[in-house]
$ cat input-v4.csv   # CSV, N, CA and C atoms
chain,number,residue,atom,x,y,z
V,257,MET,N,-26.7,-82.4,-51.4
V,257,MET,CA,-26.3,-81.6,-52.5
V,257,MET,C,-24.9,-81.0,-52.1
V,258,ARG,N,-24.0,-81.2,-53.0
V,258,ARG,CA,-22.6,-80.7,-52.8
V,258,ARG,C,-22.4,-79.3,-53.3
V,259,ILE,N,-21.9,-78.4,-52.5
V,259,ILE,CA,-21.7,-77.0,-52.9
V,259,ILE,C,-20.2,-76.9,-53.3
V,260,ARG,N,-20.0,-76.3,-54.5
V,260,ARG,CA,-18.7,-76.2,-55.0
V,260,ARG,C,-17.9,-75.2,-54.2
V,261,ARG,N,-16.5,-75.5,-54.2
V,261,ARG,CA,-15.6,-74.8,-53.3
V,261,ARG,C,-15.7,-73.3,-53.7
V,262,GLY,N,-15.7,-72.9,-54.9
V,262,GLY,CA,-15.8,-71.5,-55.3
V,262,GLY,C,-17.0,-70.8,-54.7
V,263,ARG,N,-18.1,-71.5,-54.8
V,263,ARG,CA,-19.4,-70.9,-54.2
V,263,ARG,C,-19.2,-70.8,-52.7
V,264,ARG,N,-18.7,-71.8,-52.0
V,264,ARG,CA,-18.5,-71.6,-50.6
V,264,ARG,C,-17.6,-70.5,-50.2
V,265,ARG,N,-16.5,-70.3,-51.0
V,265,ARG,CA,-15.6,-69.2,-50.8
V,265,ARG,C,-16.3,-67.8,-51.0
V,266,GLY,N,-17.2,-67.8,-52.0
V,266,GLY,CA,-17.9,-66.6,-52.3
V,266,GLY,C,-18.8,-66.2,-51.2
V,267,VAL,N,-19.6,-67.2,-50.7
V,267,VAL,CA,-20.5,-66.9,-49.6
V,267,VAL,C,-19.7,-66.4,-48.4
V,268,ALA,N,-18.6,-67.1,-48.1
V,268,ALA,CA,-17.8,-66.7,-46.9
V,268,ALA,C,-17.3,-65.3,-47.1
V,269,LEU,N,-16.8,-64.9,-48.3
V,269,LEU,CA,-16.3,-63.6,-48.5
V,269,LEU,C,-17.4,-62.5,-48.4
V,270,VAL,N,-18.6,-62.8,-48.9
V,270,VAL,CA,-19.7,-61.8,-48.8
V,270,VAL,C,-20.1,-61.7,-47.3
V,271,LEU,N,-20.2,-62.8,-46.6
V,271,LEU,CA,-20.6,-62.7,-45.2
V,271,LEU,C,-19.5,-61.9,-44.4
V,272,ALA,N,-18.2,-62.2,-44.7
V,272,ALA,CA,-17.2,-61.5,-44.0
V,272,ALA,C,-17.2,-60.0,-44.2
V,273,MET,N,-17.5,-59.6,-45.5
V,273,MET,CA,-17.5,-58.2,-45.8
V,273,MET,C,-18.8,-57.5,-45.2
V,274,PHE,N,-19.9,-58.2,-45.2
V,274,PHE,CA,-21.1,-57.6,-44.6
V,274,PHE,C,-20.9,-57.5,-43.1
V,275,THR,N,-20.3,-58.5,-42.5
V,275,THR,CA,-20.0,-58.4,-41.0
V,275,THR,C,-19.1,-57.2,-40.7
V,276,LEU,N,-18.0,-57.1,-41.5
V,276,LEU,CA,-17.1,-55.9,-41.3
V,276,LEU,C,-17.9,-54.6,-41.4
V,277,ALA,N,-18.7,-54.4,-42.4
V,277,ALA,CA,-19.4,-53.2,-42.6
V,277,ALA,C,-20.4,-53.0,-41.5
V,278,LEU,N,-21.1,-54.1,-41.1
V,278,LEU,CA,-22.1,-54.0,-40.0
V,278,LEU,C,-21.4,-53.6,-38.7
V,279,LEU,N,-20.3,-54.2,-38.4
V,279,LEU,CA,-19.6,-53.8,-37.2
V,279,LEU,C,-19.2,-52.4,-37.2
V,280,GLU,N,-18.6,-51.9,-38.3
V,280,GLU,CA,-18.2,-50.5,-38.4
V,280,GLU,C,-19.3,-49.6,-38.2
V,281,SER,N,-20.5,-49.9,-38.8
V,281,SER,CA,-21.6,-48.9,-38.7
V,281,SER,C,-22.3,-49.0,-37.3
V,282,ARG,N,-22.5,-50.2,-36.8
V,282,ARG,CA,-23.1,-50.4,-35.5
V,282,ARG,C,-22.3,-49.8,-34.4
V,283,LEU,N,-21.0,-50.0,-34.5
V,283,LEU,CA,-20.1,-49.5,-33.4
V,283,LEU,C,-19.7,-48.0,-33.6
V,284,GLU,N,-20.2,-47.5,-34.8
V,284,GLU,CA,-19.9,-46.1,-35.1
V,284,GLU,C,-18.4,-45.8,-35.0
V,285,LEU,N,-17.6,-46.5,-35.7
V,285,LEU,CA,-16.2,-46.3,-35.6
V,285,LEU,C,-15.7,-45.2,-36.4
V,286,HIS,N,-16.5,-44.7,-37.3
V,286,HIS,CA,-16.1,-43.5,-38.2
V,286,HIS,C,-14.8,-43.8,-38.9
V,287,ALA,N,-14.8,-45.0,-39.5
V,287,ALA,CA,-13.5,-45.4,-40.2
V,287,ALA,C,-13.1,-44.4,-41.2
V,288,ASP,N,-14.0,-43.7,-41.9
V,288,ASP,CA,-13.6,-42.8,-42.9
V,288,ASP,C,-12.7,-41.7,-42.4
V,289,GLN,N,-12.8,-41.4,-41.1
V,289,GLN,CA,-12.0,-40.3,-40.5
V,289,GLN,C,-10.6,-40.7,-40.3
V,290,TRP,N,-10.3,-42.0,-40.0
V,290,TRP,CA,-8.9,-42.4,-39.8
V,290,TRP,C,-8.4,-43.3,-40.8
V,291,LEU,N,-9.2,-43.8,-41.7
V,291,LEU,CA,-8.8,-44.6,-42.8
V,291,LEU,C,-9.6,-44.3,-44.1
V,292,PRO,N,-9.3,-43.2,-44.7
V,292,PRO,CA,-10.1,-42.8,-45.9
V,292,PRO,C,-10.2,-43.9,-46.9
V,293,LEU,N,-11.3,-44.0,-47.6
V,293,LEU,CA,-11.6,-45.0,-48.6
V,293,LEU,C,-11.6,-46.5,-48.1
V,294,TRP,N,-11.8,-46.7,-46.8
V,294,TRP,CA,-11.7,-48.0,-46.3
V,294,TRP,C,-12.8,-48.9,-46.9
V,295,ASP,N,-13.9,-48.3,-47.3
V,295,ASP,CA,-15.0,-49.1,-47.8
V,295,ASP,C,-14.9,-49.6,-49.3
V,296,LYS,N,-13.9,-49.0,-50.0
V,296,LYS,CA,-13.7,-49.4,-51.4
V,296,LYS,C,-13.3,-50.9,-51.5
V,297,PRO,N,-12.3,-51.3,-50.7
V,297,PRO,CA,-12.0,-52.8,-50.8
V,297,PRO,C,-13.2,-53.6,-50.4
V,298,VAL,N,-14.0,-53.1,-49.4
V,298,VAL,CA,-15.1,-53.9,-49.0
V,298,VAL,C,-16.1,-54.1,-50.1
V,299,HIS,N,-16.4,-53.0,-50.9
V,299,HIS,CA,-17.2,-53.1,-52.0
V,299,HIS,C,-16.7,-54.0,-53.1
V,300,ALA,N,-15.4,-53.9,-53.4
V,300,ALA,CA,-14.8,-54.8,-54.4
V,300,ALA,C,-14.8,-56.2,-54.0
V,301,LEU,N,-14.5,-56.5,-52.8
V,301,LEU,CA,-14.4,-57.9,-52.3
V,301,LEU,C,-15.9,-58.5,-52.2
V,302,THR,N,-16.8,-57.7,-51.8
V,302,THR,CA,-18.2,-58.2,-51.8
V,302,THR,C,-18.7,-58.5,-53.2
V,303,ALA,N,-18.4,-57.7,-54.2
V,303,ALA,CA,-18.7,-57.9,-55.6
V,303,ALA,C,-18.1,-59.2,-56.1
V,304,ALA,N,-16.8,-59.4,-55.8
V,304,ALA,CA,-16.1,-60.6,-56.2
V,304,ALA,C,-16.7,-61.8,-55.5
V,305,GLY,N,-17.0,-61.7,-54.2
V,305,GLY,CA,-17.7,-62.8,-53.5
V,305,GLY,C,-19.0,-63.2,-54.2
V,306,LEU,N,-19.8,-62.2,-54.6
V,306,LEU,CA,-21.1,-62.4,-55.2
V,306,LEU,C,-20.9,-63.2,-56.6
V,307,VAL,N,-19.8,-62.8,-57.3
V,307,VAL,CA,-19.5,-63.5,-58.6
V,307,VAL,C,-19.2,-64.9,-58.3
V,308,LEU,N,-18.4,-65.2,-57.3
V,308,LEU,CA,-18.1,-66.6,-56.9
V,308,LEU,C,-19.3,-67.4,-56.5
V,309,THR,N,-20.2,-66.7,-55.7
V,309,THR,CA,-21.4,-67.3,-55.3
V,309,THR,C,-22.4,-67.7,-56.4
V,310,VAL,N,-22.5,-66.8,-57.4
V,310,VAL,CA,-23.4,-67.0,-58.5
V,310,VAL,C,-22.8,-68.1,-59.4
V,311,SER,N,-21.4,-68.2,-59.4
V,311,SER,CA,-20.7,-69.1,-60.3
V,311,SER,C,-21.3,-69.1,-61.7
V,312,PRO,N,-21.0,-68.0,-62.4
V,312,PRO,CA,-21.6,-67.8,-63.8
V,312,PRO,C,-20.9,-68.8,-64.8
V,313,ARG,N,-21.6,-69.1,-65.8
V,313,ARG,CA,-21.0,-69.8,-66.9
V,313,ARG,C,-20.2,-68.7,-67.7
V,314,ARG,N,-19.2,-69.2,-68.4
V,314,ARG,CA,-18.4,-68.2,-69.2
V,314,ARG,C,-19.1,-67.4,-70.2
V,315,ASP,N,-20.1,-67.9,-70.8
V,315,ASP,CA,-20.9,-67.2,-71.8
V,315,ASP,C,-21.9,-66.2,-71.1
V,316,ARG,N,-22.0,-66.2,-69.8
V,316,ARG,CA,-22.9,-65.3,-69.2
V,316,ARG,C,-22.2,-64.2,-68.3
V,317,SER,N,-20.9,-64.1,-68.5
V,317,SER,CA,-20.2,-63.2,-67.6
V,317,SER,C,-20.6,-61.7,-67.7
V,318,GLY,N,-21.0,-61.3,-68.9
V,318,GLY,CA,-21.5,-59.9,-69.1
V,318,GLY,C,-22.8,-59.7,-68.3
V,319,TRP,N,-23.7,-60.7,-68.3
V,319,TRP,CA,-24.9,-60.6,-67.6
V,319,TRP,C,-24.7,-60.6,-66.1
V,320,THR,N,-23.7,-61.4,-65.7
V,320,THR,CA,-23.4,-61.5,-64.2
V,320,THR,C,-22.9,-60.1,-63.8
V,321,TRP,N,-22.0,-59.5,-64.6
V,321,TRP,CA,-21.4,-58.2,-64.2
V,321,TRP,C,-22.6,-57.2,-64.1
V,322,LEU,N,-23.5,-57.2,-65.0
V,322,LEU,CA,-24.6,-56.2,-65.0
V,322,LEU,C,-25.5,-56.5,-63.7
V,323,GLY,N,-25.7,-57.7,-63.4
V,323,GLY,CA,-26.4,-58.1,-62.2
V,323,GLY,C,-25.8,-57.6,-60.9
V,324,ILE,N,-24.5,-57.7,-60.9
V,324,ILE,CA,-23.7,-57.3,-59.7
V,324,ILE,C,-23.8,-55.7,-59.6
V,325,MET,N,-23.7,-55.1,-60.7
V,325,MET,CA,-23.8,-53.6,-60.7
V,325,MET,C,-25.2,-53.2,-60.3
V,326,ALA,N,-26.3,-53.9,-60.8
V,326,ALA,CA,-27.6,-53.6,-60.3
V,326,ALA,C,-27.8,-53.7,-58.8
V,327,LEU,N,-27.2,-54.8,-58.3
V,327,LEU,CA,-27.2,-54.9,-56.8
V,327,LEU,C,-26.5,-53.8,-56.1
V,328,GLY,N,-25.4,-53.3,-56.7
V,328,GLY,CA,-24.6,-52.2,-56.1
V,328,GLY,C,-25.4,-50.9,-56.1
V,329,ILE,N,-26.1,-50.7,-57.2
V,329,ILE,CA,-27.0,-49.5,-57.4
V,329,ILE,C,-28.1,-49.6,-56.4
V,330,ALA,N,-28.7,-50.7,-56.2
V,330,ALA,CA,-29.8,-50.9,-55.3
V,330,ALA,C,-29.3,-50.6,-53.9
V,331,TRP,N,-28.1,-51.1,-53.6
V,331,TRP,CA,-27.5,-50.9,-52.2
V,331,TRP,C,-27.3,-49.4,-52.0
V,332,GLU,N,-26.8,-48.7,-53.0
V,332,GLU,CA,-26.6,-47.3,-52.8
V,332,GLU,C,-27.9,-46.5,-52.6
V,333,ILE,N,-28.9,-46.9,-53.3
V,333,ILE,CA,-30.2,-46.3,-53.2
V,333,ILE,C,-30.8,-46.5,-51.8
V,334,ALA,N,-30.7,-47.8,-51.3
V,334,ALA,CA,-31.1,-48.1,-49.9
V,334,ALA,C,-30.3,-47.3,-48.9
V,335,GLN,N,-29.0,-47.1,-49.1
V,335,GLN,CA,-28.2,-46.4,-48.2
V,335,GLN,C,-28.7,-44.9,-48.2
V,336,PHE,N,-29.0,-44.4,-49.3
V,336,PHE,CA,-29.4,-43.0,-49.4
V,336,PHE,C,-30.8,-42.8,-48.7
V,337,GLU,N,-31.7,-43.8,-48.9
V,337,GLU,CA,-33.0,-43.7,-48.2
V,337,GLU,C,-32.8,-43.8,-46.7
V,338,ILE,N,-31.9,-44.5,-46.2
V,338,ILE,CA,-31.7,-44.6,-44.8
V,338,ILE,C,-31.1,-43.4,-44.2
V,339,GLN,N,-30.0,-42.8,-44.9
V,339,GLN,CA,-29.3,-41.7,-44.4
V,339,GLN,C,-29.0,-40.8,-45.6
V,340,PRO,N,-29.9,-39.9,-46.0
V,340,PRO,CA,-29.6,-39.0,-47.2
V,340,PRO,C,-28.3,-38.2,-47.0
V,341,PHE,N,-27.4,-38.3,-48.0
V,341,PHE,CA,-26.1,-37.6,-48.0
V,341,PHE,C,-25.2,-38.0,-46.9
V,342,ALA,N,-25.6,-38.8,-46.0
V,342,ALA,CA,-24.7,-39.4,-44.9
V,342,ALA,C,-24.0,-38.2,-44.2
V,343,GLY,N,-24.7,-37.1,-44.0
V,343,GLY,CA,-24.1,-36.0,-43.2
V,343,GLY,C,-23.0,-35.3,-43.9
V,344,VAL,N,-22.8,-35.4,-45.2
V,344,VAL,CA,-21.8,-34.7,-46.0
V,344,VAL,C,-22.4,-33.9,-47.1
V,345,ALA,N,-21.6,-33.0,-47.7
V,345,ALA,CA,-22.2,-32.2,-48.8
V,345,ALA,C,-22.6,-33.2,-50.0
V,346,PRO,N,-23.6,-32.8,-50.7
V,346,PRO,CA,-24.1,-33.6,-51.8
V,346,PRO,C,-23.0,-34.0,-52.8
V,347,ILE,N,-22.0,-33.1,-53.1
V,347,ILE,CA,-21.0,-33.5,-54.1
V,347,ILE,C,-20.1,-34.5,-53.5
V,348,ALA,N,-19.7,-34.4,-52.2
V,348,ALA,CA,-18.9,-35.4,-51.6
V,348,ALA,C,-19.6,-36.8,-51.5
V,349,TRP,N,-20.9,-36.7,-51.3
V,349,TRP,CA,-21.7,-38.0,-51.3
V,349,TRP,C,-21.7,-38.6,-52.7
V,350,ALA,N,-21.9,-37.8,-53.7
V,350,ALA,CA,-21.9,-38.3,-55.1
V,350,ALA,C,-20.5,-38.9,-55.5
V,351,VAL,N,-19.4,-38.2,-55.1
V,351,VAL,CA,-18.1,-38.8,-55.4
V,351,VAL,C,-17.9,-40.1,-54.7
V,352,ASP,N,-18.3,-40.2,-53.4
V,352,ASP,CA,-18.2,-41.4,-52.7
V,352,ASP,C,-19.0,-42.6,-53.3
V,353,THR,N,-20.2,-42.2,-53.7
V,353,THR,CA,-21.1,-43.2,-54.3
V,353,THR,C,-20.5,-43.7,-55.6
V,354,ALA,N,-20.0,-42.8,-56.4
V,354,ALA,CA,-19.4,-43.2,-57.7
V,354,ALA,C,-18.2,-44.1,-57.4
V,355,GLY,N,-17.4,-43.8,-56.4
V,355,GLY,CA,-16.3,-44.6,-56.0
V,355,GLY,C,-16.7,-46.0,-55.6
V,356,ASP,N,-17.8,-46.1,-54.8
V,356,ASP,CA,-18.3,-47.4,-54.4
V,356,ASP,C,-18.8,-48.2,-55.6
V,357,LEU,N,-19.5,-47.6,-56.5
V,357,LEU,CA,-19.9,-48.3,-57.7
V,357,LEU,C,-18.8,-48.7,-58.6
V,358,PHE,N,-17.7,-47.9,-58.7
V,358,PHE,CA,-16.5,-48.3,-59.5
V,358,PHE,C,-15.9,-49.5,-58.8
V,359,ALA,N,-15.8,-49.5,-57.5
V,359,ALA,CA,-15.2,-50.6,-56.8
V,359,ALA,C,-16.0,-51.9,-57.0
V,360,ASP,N,-17.3,-51.7,-57.0
V,360,ASP,CA,-18.2,-52.9,-57.2
V,360,ASP,C,-17.9,-53.5,-58.6
V,361,GLY,N,-17.9,-52.6,-59.6
V,361,GLY,CA,-17.6,-53.0,-61.0
V,361,GLY,C,-16.3,-53.6,-61.1
V,362,ALA,N,-15.2,-53.0,-60.5
V,362,ALA,CA,-13.9,-53.6,-60.6
V,362,ALA,C,-13.8,-54.9,-60.0
V,363,GLY,N,-14.3,-55.1,-58.8
V,363,GLY,CA,-14.3,-56.3,-58.1
V,363,GLY,C,-15.0,-57.5,-58.9
V,364,ALA,N,-16.1,-57.2,-59.4
V,364,ALA,CA,-16.8,-58.2,-60.2
V,364,ALA,C,-16.0,-58.5,-61.5
V,365,PHE,N,-15.5,-57.5,-62.1
V,365,PHE,CA,-14.7,-57.7,-63.4
V,365,PHE,C,-13.5,-58.6,-63.1
V,366,VAL,N,-12.7,-58.3,-62.0
V,366,VAL,CA,-11.6,-59.1,-61.7
V,366,VAL,C,-11.9,-60.5,-61.4
V,367,ALA,N,-13.0,-60.7,-60.6
V,367,ALA,CA,-13.4,-62.1,-60.3
V,367,ALA,C,-13.9,-62.8,-61.6
V,368,LEU,N,-14.5,-62.1,-62.5
V,368,LEU,CA,-15.0,-62.8,-63.7
V,368,LEU,C,-13.8,-63.1,-64.6
V,369,ALA,N,-12.8,-62.2,-64.7
V,369,ALA,CA,-11.6,-62.4,-65.5
V,369,ALA,C,-10.8,-63.6,-64.9
V,370,VAL,N,-10.6,-63.6,-63.6
V,370,VAL,CA,-9.9,-64.7,-63.0
V,370,VAL,C,-10.7,-66.0,-63.2
V,371,GLY,N,-12.0,-65.9,-63.0
V,371,GLY,CA,-12.8,-67.1,-63.2
V,371,GLY,C,-12.8,-67.7,-64.6
V,372,ALA,N,-12.6,-66.8,-65.6
V,372,ALA,CA,-12.6,-67.3,-67.0
V,372,ALA,C,-11.4,-68.1,-67.2
V,373,ARG,N,-10.3,-67.8,-66.4
V,373,ARG,CA,-9.1,-68.6,-66.6
V,373,ARG,C,-9.0,-69.8,-65.7
V,374,ARG,N,-9.8,-69.8,-64.7
V,374,ARG,CA,-9.8,-71.0,-63.8
V,374,ARG,C,-11.2,-71.7,-63.9
V,375,ASP,N,-11.2,-72.9,-63.4
V,375,ASP,CA,-12.5,-73.6,-63.5
V,375,ASP,C,-13.4,-73.4,-62.3
V,376,TRP,N,-13.9,-72.2,-62.2
V,376,TRP,CA,-14.8,-71.9,-61.0
V,376,TRP,C,-16.2,-72.2,-61.4
V,377,HIS,N,-16.5,-72.3,-62.7
V,377,HIS,CA,-17.8,-72.4,-63.2
V,377,HIS,C,-18.4,-73.8,-63.1

$ encode --input "input-v4.csv" --output "structure tokens"
Amino acid sequence: MRIRRGRRRGVALVLAMFTLALLESRLELHADQWLPLWDKPVHALTAAGLVLTVSPRRDRSGWTWLGIMALGIAWEIAQFEIQPFAGVAPIAWAVDTAGDLFADGAGAFVALAVGARRDWH
């Protein structure tokens, strides 16, 4: 079975972003202290990689975006279950979570928009 180049790139991008996030959390680098908002590009690039991996048809891009957002929401719920409020005030946590979900949505949207113009499907 031949895997399309776009799908291979998507899988590589998702794995790279998960590796980066895992290294940051396991090494406890506290990247937020010296590089605020560092995780927003990670969220956006992961969402874009998931779009490439799924390789949606053009007529299903809305459903793909909703699916990516559902995964982002599930991720944030899991994160909250593991570490409620992540040691910050509830309002700061809520703002960070909203930013993460916005980055997820933006990354998926851009990947879908670019994919609609290119033959990734």

$ closest_atom_pairs --input "input-v4.csv" --of "range 291-328 of chain V" --to "range 261-283 of chain V" --cutoff "7 Å" --atoms "only C-alpha atoms" --output "CSV"
residue,atom,partner,partner_atom,distance
V:Val298,CA,V:Met273,CA,5.9
V:Thr302,CA,V:Val270,CA,4.9
V:Gly305,CA,V:Gly266,CA,4.0
V:Leu306,CA,V:Gly266,CA,6.0
V:Leu308,CA,V:Gly266,CA,4.6
V:Thr309,CA,V:Arg263,CA,4.3
V:Ser311,CA,V:Arg263,CA,6.5

$ residues_around --input "input-v4.csv" --residues "range 357-368 of chain V" --least-positions-apart "5" --cutoff "8 Å" --atoms "only C-alpha atoms" --output "list of chain:residue names"
V:Lys296, V:Pro297, V:His299, V:Ala300, V:Leu301, V:Thr302, V:Ala303, V:Ala304, V:Leu306, V:Val307, V:Leu308, V:Ser317, V:Trp321, V:Ile324, V:Met325, V:Gly328, V:Ile329

$ atom_distance --input "input-v4.csv" --atom1 "CA of Glu332 in chain V" --atom2 "atom C of Thr353 in chain V"
7.6 Å

$ atom_distance --input "input-v4.csv" --atom1 "atom N of Ile259 in chain V" --atom2 "CA of Val370 in chain V"
21.0 Å

$ atom_distance --input "input-v4.csv" --atom1 "CA of Leu322 in chain V" --atom2 "atom C of Ala345 in chain V"
27.5 Å

$ closest_residue --input "input-v4.csv" --among "V:Gln339, V:Asp295, V:Glu284, V:Arg258" --to "Gly355 in chain V" --atoms "only C-alpha atoms"
V:Asp295

$ select_by_dssp --input "input-v4.csv" --residues "chain V" --states "helix (DSSP H, G or I)" --output "VMD selection string"
chain V and resid 261 to 282 287 to 290 295 to 310 314 to 338 340 to 343 346 to 373
